[in-house]
Amino acid sequence: MAEVNTNRAQEAIAFDQSKTGVKGLIDAGVAKLPSIFVQPPESRPDPSEISTEQLQVPVISLDGVESGKRRAEIMGEIREASETWGFFQVVNHGVPLSVMSGLLESIKRFHEQPSEMKKEFYSRDNKVKYYSTSALHVNQTAHWRDTLAIDFDKTISDPQSLPLACREAFVEYLSYMSKLRYALSELLSEALGLQSDYLEDIQCMERHRFVCHYYPPCPQPDLALGLTRHSDPSFLTILLQDNIGGLQVLHKDKWVNVTPMEGAFVINIGDFLQLVTNDKFKSVEHRVLAGTVGPRISCSCLLFPSEKNHYKVYGPINELLADGTPPRYRAISPSEYDDKYLARGLDGSQVLDWFRL
Ligand code: OGA
Ligand code: NI
């Protein structure tokens, strides 16, 4: 067994050193899944675990969100979705379709440019980084996708640091993301029965981490995954996906497809929001299947406290405990969360469980 693991570790290192990712394997004409991508049997997509009911993640229109009666309805829909699914899709959110498709195209452009131009970004540490499987060397099973990740605080102070292929698209997209983030933080605060500026005031969503995925077609999709099951290490995530599909969310112990809808964003509650809401809102596990059709492109915008609050502690919100409900978590800082998250390598037990009282 030890020998097998050594081989895997070496294969993972060789794959990483190529700095050309899964796209590089496709370009080289790989017809069989290399062994580091083969998931252990218990992690492979199992048809018996896929929901057979015609369930859908709730779709919520933000149309009319400024006006009293409609706002109350939207807030109620968001509350219900956050408590039961941890996921919803939003439409009529004010972000133009051309901005959404422009961003997806720019991500495709980045991943499809000659590998020499991507290699300079290959890293797991920088603020702008390109890599294949973040925790590759921790759990030694690779995911069938490549990723470009970009971290910003509220604004992009240094656009020159972004890859040319997507610089303009990101600057434009971020300006819309900030508005949508603000609208959602108000609605989520109200849905919790708090002042509408509550979540904005605790400065929990000021940093944006864009995680831009490229999922090539896979020769043996039954053995691999695009992204293994996980919950998000954010307060909130705003995801943009193209029309190919493959994202699934765990609902009542079954996997449910998050069906692509043109013009929609997929919103999901992250671990930190579950912690501060004392389990009222749920950070739910999700995964992405590998598929025979592709490339599939998506962009997750994970929202966190900014760098200056990296050591600030966040615990269950006092107002939510006013009726005598005991806190279920101790207060933790983003730094403490990150340490546990990285050690876990995106597999296995929920990070949140570490902080339960
Ligand atoms: C993520 C994620 C889903 C997708 O980046 O955390 O869940 O559809 N992405 O790529
Ligand atoms: Ni996720």
# chains A, B, ... in the order shown; residues from 1 in each chain; ligands from 1
$ residues_around --residues "Arg44 in chain A" --least-positions-apart "3" --cutoff "12 Å" --atoms "only C-alpha atoms" --output "ChimeraX atom specification"
/A:37-41,47-50,141,143,220-229,287-290
$ residues_near_ligand --ligand "ligand 2" --cutoff "8 Å" --atoms "only C-alpha atoms and all ligand atoms" --output "ChimeraX atom specification"
/A:230-232,237,285-287,300
$ write_last_selection --atoms "all heavy atoms" --output "short mmCIF file (atom, residue, chain, number, x, y, z; two decimals), in the first residue's frame"
data_model
loop_
_atom_site.label_atom_id
_atom_site.label_comp_id
_atom_site.auth_asym_id
_atom_site.auth_seq_id
_atom_site.Cartn_x
_atom_site.Cartn_y
_atom_site.Cartn_z
N HIS A 230 -17.69 19.22 -1.21
CA HIS A 230 -17.12 20.19 -0.25
C HIS A 230 -18.20 21.21 0.07
O HIS A 230 -19.16 21.38 -0.68
CB HIS A 230 -15.92 20.91 -0.88
CG HIS A 230 -16.31 21.81 -2.01
ND1 HIS A 230 -16.61 21.33 -3.27
CD2 HIS A 230 -16.50 23.16 -2.07
CE1 HIS A 230 -16.95 22.34 -4.05
NE2 HIS A 230 -16.91 23.46 -3.37
N SER A 231 -18.03 21.91 1.18
CA SER A 231 -18.82 23.11 1.40
C SER A 231 -17.84 24.27 1.25
O SER A 231 -16.63 24.07 1.32
CB SER A 231 -19.49 23.08 2.77
OG SER A 231 -18.51 22.93 3.78
N ASP A 232 -18.35 25.48 1.04
CA ASP A 232 -17.44 26.58 0.70
C ASP A 232 -16.87 27.25 1.95
O ASP A 232 -17.59 27.47 2.93
CB ASP A 232 -18.15 27.62 -0.17
CG ASP A 232 -18.27 27.16 -1.62
OD1 ASP A 232 -17.76 26.06 -1.94
OD2 ASP A 232 -18.86 27.89 -2.43
N THR A 237 -21.12 32.67 -1.51
CA THR A 237 -20.49 32.46 -2.83
C THR A 237 -21.49 32.83 -3.92
O THR A 237 -22.67 32.48 -3.84
CB THR A 237 -20.07 30.98 -2.99
OG1 THR A 237 -19.15 30.65 -1.95
CG2 THR A 237 -19.40 30.74 -4.34
N GLU A 285 -23.03 20.83 1.13
CA GLU A 285 -22.00 20.23 0.27
C GLU A 285 -22.48 20.17 -1.18
O GLU A 285 -23.66 19.96 -1.46
CB GLU A 285 -21.67 18.83 0.77
CG GLU A 285 -20.82 18.87 2.03
CD GLU A 285 -20.32 17.50 2.40
OE1 GLU A 285 -21.16 16.62 2.66
OE2 GLU A 285 -19.10 17.30 2.42
N HIS A 286 -21.52 20.34 -2.06
CA HIS A 286 -21.79 20.28 -3.50
C HIS A 286 -20.56 19.71 -4.19
O HIS A 286 -19.48 19.60 -3.57
CB HIS A 286 -22.18 21.66 -4.03
CG HIS A 286 -21.26 22.78 -3.63
ND1 HIS A 286 -21.22 23.30 -2.36
CD2 HIS A 286 -20.33 23.47 -4.34
CE1 HIS A 286 -20.31 24.26 -2.30
NE2 HIS A 286 -19.75 24.39 -3.50
N ARG A 287 -20.70 19.34 -5.45
CA ARG A 287 -19.59 18.75 -6.21
C ARG A 287 -19.84 19.01 -7.69
O ARG A 287 -20.95 19.43 -8.08
CB ARG A 287 -19.51 17.24 -5.94
CG ARG A 287 -20.69 16.49 -6.53
CD ARG A 287 -20.61 14.99 -6.27
NE ARG A 287 -21.71 14.29 -6.94
CZ ARG A 287 -21.96 12.99 -6.82
NH1 ARG A 287 -21.23 12.25 -6.01
NH2 ARG A 287 -22.96 12.45 -7.48
N SER A 300 -16.55 30.97 -9.52
CA SER A 300 -17.09 31.17 -8.17
C SER A 300 -16.50 32.44 -7.62
O SER A 300 -15.29 32.60 -7.64
CB SER A 300 -16.59 30.08 -7.22
OG SER A 300 -17.18 28.88 -7.44
#
$ residues_near_ligand --ligand "ligand 1" --cutoff "10 Å" --atoms "only C-alpha atoms and all ligand atoms" --output "number ranges by chain"
A: 145, 147, 149, 209-215, 226-234, 237-242, 244-249, 258, 260, 266, 268, 270, 285-289, 296-302
$ atom_distance --atom1 "CA of Lys252 in chain A" --atom2 "CA of Gly86 in chain A"
11.8 Å
$ residues_around --residues "range 327-332 of chain A" --least-positions-apart "3" --cutoff "6 Å" --atoms "only C-alpha atoms" --output "number ranges by chain"
A: 278, 313-315, 355-357
$ closest_residue --among "A:Leu184, A:Ile60, A:His310, A:Lys127" --to "Ala81 in chain A" --atoms "only C-alpha atoms"
A:Ile60
$ closest_residue --among "A:Phe121, A:Phe88, A:Phe304, A:Lys254" --to "Gln56 in chain A" --atoms "only C-alpha atoms"
A:Phe88
$ closest_residue --among "A:Glu73, A:Glu116, A:Glu262, A:Asp158" --to "Met100 in chain A" --atoms "only C-alpha atoms"
A:Glu262
$ atom_distance --atom1 "CA of Cys204 in chain A" --atom2 "CA of Lys308 in chain A"
11.0 Å
$ select_by_dssp --residues "range 95-304 of chain A" --states "helix (DSSP H, G or I)" --output "PyMOL selection string"
chain A and resi 97-112+115-119+136-139+159-161+164-191+198-201+271-276
$ atom_distance --atom1 "CA of Ser333 in chain A" --atom2 "CA of Leu320 in chain A"
19.4 Å
$ closest_residue --among "A:Arg207, A:Arg70, A:His93, A:Lys19" --to "Ile267 in chain A" --atoms "only C-alpha atoms"
A:His93
$ select_by_dssp --residues "range 175-323 of chain A" --states "strand (DSSP E)" --output "compact mmCIF listing (two decimals) with all heavy atoms, in the first residue's frame"
# COMPACT_ATOMS: atom_id res chain seq x y z
N ARG A 207 -13.82 40.82 0.86
CA ARG A 207 -12.78 40.30 -0.02
C ARG A 207 -13.41 39.36 -1.03
O ARG A 207 -14.28 38.55 -0.67
CB ARG A 207 -11.74 39.56 0.83
CG ARG A 207 -10.56 39.10 0.05
CD ARG A 207 -9.39 38.85 0.99
NE ARG A 207 -8.81 37.57 0.71
CZ ARG A 207 -8.51 36.64 1.60
NH1 ARG A 207 -8.77 36.87 2.89
NH2 ARG A 207 -7.98 35.52 1.24
N HIS A 208 -12.99 39.46 -2.27
CA HIS A 208 -13.51 38.60 -3.33
C HIS A 208 -12.41 37.63 -3.73
O HIS A 208 -11.31 38.05 -4.05
CB HIS A 208 -13.84 39.40 -4.58
CG HIS A 208 -14.81 40.53 -4.37
ND1 HIS A 208 -14.49 41.70 -3.74
CD2 HIS A 208 -16.11 40.65 -4.73
CE1 HIS A 208 -15.55 42.50 -3.72
NE2 HIS A 208 -16.55 41.89 -4.31
N ARG A 209 -12.71 36.36 -3.72
CA ARG A 209 -11.78 35.40 -4.34
C ARG A 209 -12.50 34.77 -5.53
O ARG A 209 -13.47 34.03 -5.36
CB ARG A 209 -11.34 34.32 -3.37
CG ARG A 209 -10.41 33.30 -4.06
CD ARG A 209 -9.90 32.23 -3.12
NE ARG A 209 -9.20 32.84 -2.01
CZ ARG A 209 -9.07 32.25 -0.83
NH1 ARG A 209 -9.59 31.07 -0.60
NH2 ARG A 209 -8.41 32.87 0.13
N PHE A 210 -12.00 35.11 -6.71
CA PHE A 210 -12.58 34.54 -7.92
C PHE A 210 -11.85 33.24 -8.22
O PHE A 210 -10.63 33.23 -8.36
CB PHE A 210 -12.42 35.49 -9.10
CG PHE A 210 -13.28 36.71 -8.98
CD1 PHE A 210 -12.77 37.90 -8.52
CD2 PHE A 210 -14.63 36.64 -9.30
CE1 PHE A 210 -13.58 39.02 -8.39
CE2 PHE A 210 -15.45 37.75 -9.17
CZ PHE A 210 -14.92 38.95 -8.72
N VAL A 211 -12.60 32.15 -8.29
CA VAL A 211 -12.02 30.86 -8.60
C VAL A 211 -12.64 30.43 -9.93
O VAL A 211 -13.83 30.15 -10.00
CB VAL A 211 -12.34 29.85 -7.48
CG1 VAL A 211 -11.48 28.62 -7.61
CG2 VAL A 211 -12.12 30.46 -6.11
N CYS A 212 -11.81 30.46 -10.97
CA CYS A 212 -12.32 30.32 -12.34
C CYS A 212 -11.91 28.97 -12.91
O CYS A 212 -10.73 28.73 -13.14
CB CYS A 212 -11.74 31.42 -13.21
SG CYS A 212 -11.89 33.04 -12.45
N HIS A 213 -12.91 28.12 -13.09
CA HIS A 213 -12.61 26.73 -13.43
C HIS A 213 -12.80 26.44 -14.92
O HIS A 213 -13.71 26.98 -15.56
CB HIS A 213 -13.52 25.78 -12.65
CG HIS A 213 -13.48 25.96 -11.17
ND1 HIS A 213 -12.34 25.75 -10.42
CD2 HIS A 213 -14.44 26.31 -10.27
CE1 HIS A 213 -12.61 25.96 -9.14
NE2 HIS A 213 -13.88 26.31 -9.02
N TYR A 214 -11.97 25.50 -15.38
CA TYR A 214 -12.02 25.03 -16.76
C TYR A 214 -12.06 23.49 -16.67
O TYR A 214 -11.09 22.88 -16.22
CB TYR A 214 -10.76 25.50 -17.48
CG TYR A 214 -10.66 25.14 -18.94
CD1 TYR A 214 -11.11 26.03 -19.93
CD2 TYR A 214 -10.09 23.96 -19.36
CE1 TYR A 214 -10.98 25.72 -21.27
CE2 TYR A 214 -9.97 23.64 -20.70
CZ TYR A 214 -10.41 24.53 -21.66
OH TYR A 214 -10.29 24.23 -22.99
N TYR A 215 -13.21 22.91 -17.00
CA TYR A 215 -13.39 21.45 -16.89
C TYR A 215 -13.39 20.84 -18.29
O TYR A 215 -14.42 20.88 -18.98
CB TYR A 215 -14.74 21.12 -16.25
CG TYR A 215 -14.99 21.65 -14.84
CD1 TYR A 215 -15.50 22.93 -14.61
CD2 TYR A 215 -14.75 20.84 -13.73
CE1 TYR A 215 -15.77 23.39 -13.31
CE2 TYR A 215 -15.01 21.30 -12.43
CZ TYR A 215 -15.52 22.57 -12.24
OH TYR A 215 -15.79 23.02 -10.96
N LEU A 225 -13.85 13.03 -10.87
CA LEU A 225 -14.74 14.14 -10.51
C LEU A 225 -14.09 15.43 -10.98
O LEU A 225 -12.86 15.56 -11.01
CB LEU A 225 -14.96 14.19 -8.99
CG LEU A 225 -15.99 13.23 -8.42
CD1 LEU A 225 -15.92 13.25 -6.88
CD2 LEU A 225 -17.42 13.59 -8.86
N GLY A 226 -14.93 16.42 -11.32
CA GLY A 226 -14.41 17.74 -11.66
C GLY A 226 -14.00 18.47 -10.39
O GLY A 226 -12.99 19.16 -10.33
N LEU A 227 -14.83 18.29 -9.36
CA LEU A 227 -14.57 18.92 -8.06
C LEU A 227 -15.23 18.02 -7.01
O LEU A 227 -16.43 17.73 -7.12
CB LEU A 227 -15.18 20.33 -8.07
CG LEU A 227 -15.04 21.27 -6.89
CD1 LEU A 227 -13.61 21.35 -6.39
CD2 LEU A 227 -15.50 22.66 -7.26
N THR A 228 -14.47 17.56 -6.04
CA THR A 228 -15.03 16.64 -5.04
C THR A 228 -15.97 17.36 -4.08
O THR A 228 -15.94 18.59 -3.98
CB THR A 228 -13.94 15.94 -4.19
OG1 THR A 228 -13.04 16.95 -3.76
CG2 THR A 228 -13.21 14.89 -4.96
N ARG A 229 -16.77 16.60 -3.37
CA ARG A 229 -17.76 17.18 -2.47
C ARG A 229 -17.09 18.08 -1.44
O ARG A 229 -16.05 17.73 -0.87
CB ARG A 229 -18.62 16.11 -1.80
CG ARG A 229 -17.85 15.18 -0.91
CD ARG A 229 -18.70 14.02 -0.43
NE ARG A 229 -19.71 14.44 0.54
CZ ARG A 229 -20.68 13.62 0.98
NH1 ARG A 229 -20.77 12.37 0.52
NH2 ARG A 229 -21.55 14.04 1.86
N HIS A 230 -17.69 19.22 -1.21
CA HIS A 230 -17.12 20.19 -0.25
C HIS A 230 -18.20 21.21 0.07
O HIS A 230 -19.16 21.38 -0.68
CB HIS A 230 -15.92 20.91 -0.88
CG HIS A 230 -16.31 21.81 -2.01
ND1 HIS A 230 -16.61 21.33 -3.27
CD2 HIS A 230 -16.50 23.16 -2.07
CE1 HIS A 230 -16.95 22.34 -4.05
NE2 HIS A 230 -16.91 23.46 -3.37
N LEU A 236 -20.29 33.83 1.77
CA LEU A 236 -21.28 33.65 0.72
C LEU A 236 -20.52 33.42 -0.59
O LEU A 236 -19.41 33.92 -0.75
CB LEU A 236 -22.13 34.92 0.60
CG LEU A 236 -23.38 34.83 -0.26
CD1 LEU A 236 -24.44 33.98 0.46
CD2 LEU A 236 -23.96 36.23 -0.53
N THR A 237 -21.12 32.67 -1.51
CA THR A 237 -20.49 32.46 -2.83
C THR A 237 -21.49 32.83 -3.92
O THR A 237 -22.67 32.48 -3.84
CB THR A 237 -20.07 30.98 -2.99
OG1 THR A 237 -19.15 30.65 -1.95
CG2 THR A 237 -19.40 30.74 -4.34
N ILE A 238 -20.99 33.56 -4.91
CA ILE A 238 -21.81 33.92 -6.09
C ILE A 238 -21.18 33.22 -7.29
O ILE A 238 -20.06 33.56 -7.69
CB ILE A 238 -21.81 35.45 -6.31
CG1 ILE A 238 -22.32 36.17 -5.05
CG2 ILE A 238 -22.64 35.81 -7.54
CD1 ILE A 238 -22.32 37.71 -5.16
N LEU A 239 -21.86 32.21 -7.80
CA LEU A 239 -21.28 31.38 -8.86
C LEU A 239 -21.94 31.67 -10.21
O LEU A 239 -23.16 31.75 -10.30
CB LEU A 239 -21.48 29.90 -8.51
CG LEU A 239 -21.06 28.92 -9.61
CD1 LEU A 239 -19.60 28.51 -9.47
CD2 LEU A 239 -21.94 27.70 -9.64
N LEU A 240 -21.09 31.76 -11.21
CA LEU A 240 -21.57 31.88 -12.59
C LEU A 240 -21.14 30.61 -13.31
O LEU A 240 -19.95 30.27 -13.29
CB LEU A 240 -20.92 33.12 -13.22
CG LEU A 240 -21.11 33.34 -14.72
CD1 LEU A 240 -22.58 33.47 -15.07
CD2 LEU A 240 -20.35 34.60 -15.16
N GLN A 241 -22.09 29.90 -13.93
CA GLN A 241 -21.72 28.69 -14.68
C GLN A 241 -22.23 28.83 -16.11
O GLN A 241 -23.20 29.53 -16.37
CB GLN A 241 -22.30 27.43 -14.02
CG GLN A 241 -23.82 27.38 -13.92
CD GLN A 241 -24.36 25.98 -13.54
OE1 GLN A 241 -23.69 24.97 -13.69
NE2 GLN A 241 -25.58 25.94 -13.02
N LEU A 247 -22.84 20.59 -11.99
CA LEU A 247 -22.83 20.96 -10.57
C LEU A 247 -24.00 20.26 -9.88
O LEU A 247 -25.12 20.28 -10.38
CB LEU A 247 -22.96 22.49 -10.44
CG LEU A 247 -23.16 23.06 -9.03
CD1 LEU A 247 -21.97 22.76 -8.11
CD2 LEU A 247 -23.39 24.57 -9.08
N GLN A 248 -23.72 19.65 -8.73
CA GLN A 248 -24.77 18.98 -7.96
C GLN A 248 -24.68 19.40 -6.50
O GLN A 248 -23.59 19.59 -5.97
CB GLN A 248 -24.61 17.46 -8.03
CG GLN A 248 -24.77 16.91 -9.45
CD GLN A 248 -24.76 15.40 -9.47
OE1 GLN A 248 -24.00 14.78 -8.71
NE2 GLN A 248 -25.57 14.81 -10.33
N VAL A 249 -25.84 19.51 -5.87
CA VAL A 249 -25.89 19.89 -4.46
C VAL A 249 -26.56 18.77 -3.66
O VAL A 249 -27.47 18.09 -4.15
CB VAL A 249 -26.59 21.27 -4.29
CG1 VAL A 249 -27.84 21.36 -5.11
CG2 VAL A 249 -26.90 21.58 -2.85
N LEU A 250 -26.05 18.55 -2.45
CA LEU A 250 -26.59 17.49 -1.61
C LEU A 250 -27.85 18.01 -0.91
O LEU A 250 -27.80 19.03 -0.22
CB LEU A 250 -25.53 17.09 -0.58
CG LEU A 250 -25.70 15.76 0.11
CD1 LEU A 250 -25.74 14.61 -0.88
CD2 LEU A 250 -24.56 15.54 1.11
N HIS A 251 -28.96 17.34 -1.15
CA HIS A 251 -30.22 17.77 -0.55
C HIS A 251 -30.94 16.52 -0.06
O HIS A 251 -31.21 15.62 -0.84
CB HIS A 251 -31.06 18.52 -1.61
CG HIS A 251 -32.34 19.07 -1.08
ND1 HIS A 251 -32.39 20.12 -0.19
CD2 HIS A 251 -33.62 18.72 -1.32
CE1 HIS A 251 -33.65 20.40 0.09
NE2 HIS A 251 -34.42 19.57 -0.57
N LYS A 254 -29.37 13.21 -1.04
CA LYS A 254 -29.27 12.83 -2.46
C LYS A 254 -28.67 14.00 -3.24
O LYS A 254 -28.84 15.17 -2.84
CB LYS A 254 -30.67 12.53 -3.04
CG LYS A 254 -31.36 11.34 -2.42
CD LYS A 254 -30.90 10.05 -3.07
CE LYS A 254 -31.67 8.86 -2.46
NZ LYS A 254 -31.10 7.58 -2.81
N TRP A 255 -28.03 13.67 -4.34
CA TRP A 255 -27.45 14.73 -5.18
C TRP A 255 -28.49 15.24 -6.17
O TRP A 255 -29.15 14.46 -6.86
CB TRP A 255 -26.23 14.18 -5.93
CG TRP A 255 -25.10 13.86 -5.01
CD1 TRP A 255 -24.73 12.62 -4.56
CD2 TRP A 255 -24.20 14.79 -4.39
NE1 TRP A 255 -23.65 12.73 -3.70
CE2 TRP A 255 -23.31 14.05 -3.58
CE3 TRP A 255 -24.07 16.19 -4.43
CZ2 TRP A 255 -22.30 14.66 -2.83
CZ3 TRP A 255 -23.06 16.78 -3.68
CH2 TRP A 255 -22.19 16.02 -2.89
N VAL A 256 -28.62 16.56 -6.21
CA VAL A 256 -29.59 17.21 -7.10
C VAL A 256 -28.82 18.11 -8.08
O VAL A 256 -27.94 18.87 -7.66
CB VAL A 256 -30.59 18.07 -6.27
CG1 VAL A 256 -31.53 18.85 -7.18
CG2 VAL A 256 -31.36 17.20 -5.29
N ASN A 257 -29.14 18.02 -9.37
CA ASN A 257 -28.47 18.86 -10.37
C ASN A 257 -28.86 20.33 -10.19
O ASN A 257 -30.04 20.63 -10.01
CB ASN A 257 -28.87 18.44 -11.78
CG ASN A 257 -28.30 17.08 -12.13
OD1 ASN A 257 -27.18 16.75 -11.75
ND2 ASN A 257 -29.09 16.29 -12.84
N PHE A 265 -27.35 33.65 -11.58
CA PHE A 265 -26.22 33.35 -10.69
C PHE A 265 -26.69 32.31 -9.69
O PHE A 265 -27.83 32.35 -9.23
CB PHE A 265 -25.79 34.59 -9.90
CG PHE A 265 -25.05 35.62 -10.71
CD1 PHE A 265 -25.67 36.80 -11.09
CD2 PHE A 265 -23.73 35.41 -11.10
CE1 PHE A 265 -24.99 37.75 -11.84
CE2 PHE A 265 -23.04 36.35 -11.84
CZ PHE A 265 -23.67 37.53 -12.22
N VAL A 266 -25.78 31.40 -9.34
CA VAL A 266 -26.07 30.45 -8.27
C VAL A 266 -25.47 31.03 -7.00
O VAL A 266 -24.29 31.39 -6.97
CB VAL A 266 -25.41 29.08 -8.57
CG1 VAL A 266 -25.68 28.09 -7.43
CG2 VAL A 266 -25.88 28.52 -9.90
N ILE A 267 -26.29 31.18 -5.97
CA ILE A 267 -25.81 31.76 -4.72
C ILE A 267 -25.79 30.63 -3.68
O ILE A 267 -26.76 29.87 -3.57
CB ILE A 267 -26.79 32.85 -4.21
CG1 ILE A 267 -27.15 33.84 -5.32
CG2 ILE A 267 -26.24 33.54 -2.97
CD1 ILE A 267 -26.04 34.70 -5.81
N ASN A 268 -24.69 30.51 -2.94
CA ASN A 268 -24.73 29.54 -1.84
C ASN A 268 -24.11 30.08 -0.56
O ASN A 268 -23.22 30.91 -0.56
CB ASN A 268 -24.15 28.18 -2.24
CG ASN A 268 -22.68 28.17 -2.54
OD1 ASN A 268 -22.26 28.64 -3.59
ND2 ASN A 268 -21.91 27.64 -1.61
N ILE A 269 -24.70 29.60 0.53
CA ILE A 269 -24.26 29.98 1.88
C ILE A 269 -22.94 29.26 2.16
O ILE A 269 -22.82 28.06 1.93
CB ILE A 269 -25.32 29.49 2.91
CG1 ILE A 269 -26.73 30.03 2.59
CG2 ILE A 269 -24.92 29.79 4.35
CD1 ILE A 269 -26.91 31.50 2.67
N HIS A 286 -21.52 20.34 -2.06
CA HIS A 286 -21.79 20.28 -3.50
C HIS A 286 -20.56 19.71 -4.19
O HIS A 286 -19.48 19.60 -3.57
CB HIS A 286 -22.18 21.66 -4.03
CG HIS A 286 -21.26 22.78 -3.63
ND1 HIS A 286 -21.22 23.30 -2.36
CD2 HIS A 286 -20.33 23.47 -4.34
CE1 HIS A 286 -20.31 24.26 -2.30
NE2 HIS A 286 -19.75 24.39 -3.50
N ARG A 287 -20.70 19.34 -5.45
CA ARG A 287 -19.59 18.75 -6.21
C ARG A 287 -19.84 19.01 -7.69
O ARG A 287 -20.95 19.43 -8.08
CB ARG A 287 -19.51 17.24 -5.94
CG ARG A 287 -20.69 16.49 -6.53
CD ARG A 287 -20.61 14.99 -6.27
NE ARG A 287 -21.71 14.29 -6.94
CZ ARG A 287 -21.96 12.99 -6.82
NH1 ARG A 287 -21.23 12.25 -6.01
NH2 ARG A 287 -22.96 12.45 -7.48
N VAL A 288 -18.82 18.75 -8.50
CA VAL A 288 -19.00 18.88 -9.94
C VAL A 288 -18.57 17.56 -10.59
O VAL A 288 -17.45 17.08 -10.35
CB VAL A 288 -18.18 20.06 -10.53
CG1 VAL A 288 -18.39 20.15 -12.03
CG2 VAL A 288 -18.57 21.38 -9.85
N LEU A 289 -19.47 16.98 -11.38
CA LEU A 289 -19.14 15.73 -12.08
C LEU A 289 -18.17 16.05 -13.22
O LEU A 289 -18.13 17.17 -13.73
CB LEU A 289 -20.41 15.12 -12.67
CG LEU A 289 -21.53 14.79 -11.69
CD1 LEU A 289 -22.73 14.20 -12.44
CD2 LEU A 289 -21.04 13.81 -10.61
N ARG A 296 -16.33 22.83 -19.75
CA ARG A 296 -17.31 23.58 -18.97
C ARG A 296 -16.54 24.68 -18.26
O ARG A 296 -15.45 24.42 -17.72
CB ARG A 296 -17.98 22.66 -17.96
CG ARG A 296 -18.86 23.39 -16.95
CD ARG A 296 -19.51 22.42 -15.96
NE ARG A 296 -20.42 23.12 -15.08
CZ ARG A 296 -20.08 23.61 -13.89
NH1 ARG A 296 -18.86 23.48 -13.43
NH2 ARG A 296 -20.98 24.25 -13.15
N ILE A 297 -17.12 25.89 -18.23
CA ILE A 297 -16.46 27.01 -17.58
C ILE A 297 -17.35 27.52 -16.45
O ILE A 297 -18.58 27.64 -16.62
CB ILE A 297 -16.24 28.20 -18.56
CG1 ILE A 297 -15.74 27.74 -19.92
CG2 ILE A 297 -15.35 29.27 -17.95
CD1 ILE A 297 -14.32 27.37 -20.00
N SER A 298 -16.74 27.83 -15.31
CA SER A 298 -17.51 28.45 -14.22
C SER A 298 -16.61 29.43 -13.48
O SER A 298 -15.38 29.35 -13.57
CB SER A 298 -18.05 27.39 -13.26
OG SER A 298 -16.97 26.81 -12.56
N CYS A 299 -17.25 30.34 -12.76
CA CYS A 299 -16.49 31.29 -11.93
C CYS A 299 -17.20 31.45 -10.59
O CYS A 299 -18.30 31.97 -10.53
CB CYS A 299 -16.39 32.64 -12.64
SG CYS A 299 -15.59 33.89 -11.63
N SER A 300 -16.55 30.97 -9.52
CA SER A 300 -17.09 31.17 -8.17
C SER A 300 -16.50 32.44 -7.62
O SER A 300 -15.29 32.60 -7.64
CB SER A 300 -16.59 30.08 -7.22
OG SER A 300 -17.18 28.88 -7.44
N CYS A 301 -17.34 33.31 -7.09
CA CYS A 301 -16.82 34.48 -6.38
C CYS A 301 -17.08 34.23 -4.89
O CYS A 301 -18.22 34.30 -4.43
CB CYS A 301 -17.53 35.74 -6.87
SG CYS A 301 -17.06 37.20 -5.95
N LEU A 302 -16.02 33.84 -4.18
CA LEU A 302 -16.15 33.54 -2.75
C LEU A 302 -15.93 34.83 -1.98
O LEU A 302 -14.95 35.55 -2.21
CB LEU A 302 -15.09 32.51 -2.34
CG LEU A 302 -15.23 31.15 -3.03
CD1 LEU A 302 -13.89 30.59 -3.44
CD2 LEU A 302 -15.93 30.16 -2.13
N LEU A 303 -16.84 35.14 -1.07
CA LEU A 303 -16.76 36.40 -0.31
C LEU A 303 -16.33 36.12 1.12
O LEU A 303 -16.92 35.28 1.82
CB LEU A 303 -18.13 37.09 -0.33
CG LEU A 303 -18.59 37.50 -1.74
CD1 LEU A 303 -20.08 37.81 -1.75
CD2 LEU A 303 -17.79 38.69 -2.25
N PHE A 304 -15.29 36.84 1.52
CA PHE A 304 -14.66 36.67 2.85
C PHE A 304 -14.43 38.03 3.51
O PHE A 304 -14.44 39.04 2.83
CB PHE A 304 -13.22 36.15 2.69
CG PHE A 304 -13.03 34.85 2.05
CD1 PHE A 304 -12.80 34.77 0.68
CD2 PHE A 304 -13.02 33.69 2.79
CE1 PHE A 304 -12.57 33.55 0.08
CE2 PHE A 304 -12.79 32.48 2.18
CZ PHE A 304 -12.57 32.40 0.84
$ closest_residue --among "A:Glu83, A:Ile156, A:Ala135, A:Glu105" --to "Thr277 in chain A" --atoms "only C-alpha atoms"
A:Glu83
$ residues_around --residues "Cys166 in chain A" --least-positions-apart "6" --cutoff "7 Å" --atoms "only C-alpha atoms" --output "count of residues only"
3
$ residues_around --residues "Glu200 in chain A" --least-positions-apart "2" --cutoff "9 Å" --atoms "only C-alpha atoms" --output "VMD selection string"
chain A and resid 182 185 to 186 189 196 to 198 202 to 206
$ closest_residue --among "A:Leu192, A:Ile317, A:Val138, A:Val99" --to "Val171 in chain A" --atoms "only C-alpha atoms"
A:Val99
$ residues_around --residues "Asp63 in chain A" --least-positions-apart "5" --cutoff "10 Å" --atoms "only C-alpha atoms" --output "list in words"
Arg70, Arg71, Ile74, Val90, Val91, Asn92, His93 and Gly94 of chain A
